[in-house]
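Trainee: A single structure is presented below for examination.
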Amino acid sequence: MTGAATSMKGPFGRRSKRVERTPTSAMKGSMSVGFEPVRLLELELADLRLRSFGRVEDARRCRSARVLVRLHGTPLGVLDTDWHGSETAPEALAERARRKFGAAIDAHVMDDCLAPTSPGSEAPAGSLGAPRCVRERLEFSARAPFASIVIGTRERPDGLAATLDTVLALEYPRFEIIVVDNAATTDRTRTLLELRYADVPNLSYVREPLPGLAVAHNRGLTKARGEIVAFTDDDVVVDSLWLVELARAFEFADDVACVTGLILPMELETPAQFWLENSIRYNKGYAGGASTSGLQVATACRRSQRPRGLCRRWRTRNSVRPSTARPVVGASRW
């Protein structure tokens, strides 16, 4: 998950909040007063692995941090804390996380049939004594259905490349990627795929002349061969468990038709990014109607509900056919 147009996402991915347009002078002045960039981190409590996002060269300017706390891949919440660069030890962050998310940690550990212990001492996700949530994830992966990932894009090859790199690194056994080049004015997207991803057998390219993100998604549906279809954007960087956790959510009930979920920012290093994240907030929470273990799944929508969010997934046999889907469902313009 990385920043600029390299966002995220993300059920999940992370979405970059970098705003290219300059705000009006009044807004710019009000947002800039007292602003300091916020370091974005991710802490896995099982092995105290600490990961950072955003532009590393700007880290020295940060005096505060926002930490996504996870246990065995499951997101527990966000911890806001002071940041002292390399002097901030993962053990110290884990102790603060324990104080804030203690009840959630204990519930997760008990559900995994592990003895309650301090953060960092639970069995790491890749160890021989893997917790139940990890074993269940691996068992599902062995029988996971073939999936299609549709990415609508328009003249953003750099952002698209960042998205594709993380999609290709997904922990999912069988999937295809369909890139829909929407209302293209140049050949930059096609050139990127031909030069950088020519050896990727499960990636296909299609052009859609009519502008609109929903139009691009509908065109992708006509090409999709998967039992379920996942949509994401060209400014999203998906989590490695994104697809497996989305797919697992369809097993919560027979009539689950759509799954969506958590999206977090990749960086908070400008006043505009900070304002957008705290005012609009793509993050809808860490629990939902069909919550499961992973950065990805927050809500599973019934057939009668309309999905929300930048990353979502439809079961194709329940979804509206492309020929009748309304272009106004979702963003209609780039």
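So you can find residues: chains in the structure tokens are A, B, ... in the order shown, residues in each start at 1, and ligands are numbered from 1 in order.
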If you run DSSP on this backbone, which residues of region 171-304 of chain A come out as strand (DSSP E or B), and could you give them as a VMD selection string?
Mentor: chain A and resid 175 to 182 203 to 208 228 to 233 236 to 238 258 to 260 263 to 265 268 299 to 301
Trainee: For region 151-157 of chain A, find every residue with an atom within 7 Å (counting only C-alpha atoms), except residues of its own chain fewer than 3 positions away, and show them as number ranges by chain.
Mentor: A: 160-161, 178-184, 188-189, 192, 213, 216-217, 231-234
Trainee: Which residue out of A:Asp254, A:Asp80, A:Asp111, A:Asp199 has the minimum interatomic distance to Arg63 (chain A) when only C-alpha atoms are used?
Mentor: A:Asp80
Trainee: Using CA of Val38 (chain A) and CA of Val78 (chain A) as the two end points, give the distance in Å to one decimal.
Mentor: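 Interatomic distance, CA of Val38 (chain A) to CA of Val78 (chain A): 12.9 Å.
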Trainee: Pick from A:Val150, A:Val167, A:Leu246, A:Val229: nearest to Val206 (chain A), with only C-alpha atoms counted?
Mentor: A:Val150
Trainee: Can you list, as a list in words, every protein, DNA or RNA residue that comes within 8 Å of Ile105 (chain A) when you count only C-alpha atoms, leaving out same-chain residues fewer than 6 positions away?
Mentor: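 Once the nearby chain positions are removed, what remains is Leu71, Leu76 and Arg98 of chain A.
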Trainee: Kindly indicate which residue among A:Asp255, A:Arg49, A:Arg132, A:Ala169 lies nearest to Met110 (chain A), using only C-alpha atoms for the distances.
Mentor: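 Closest residue, counting only C-alpha atoms: A:Arg132.
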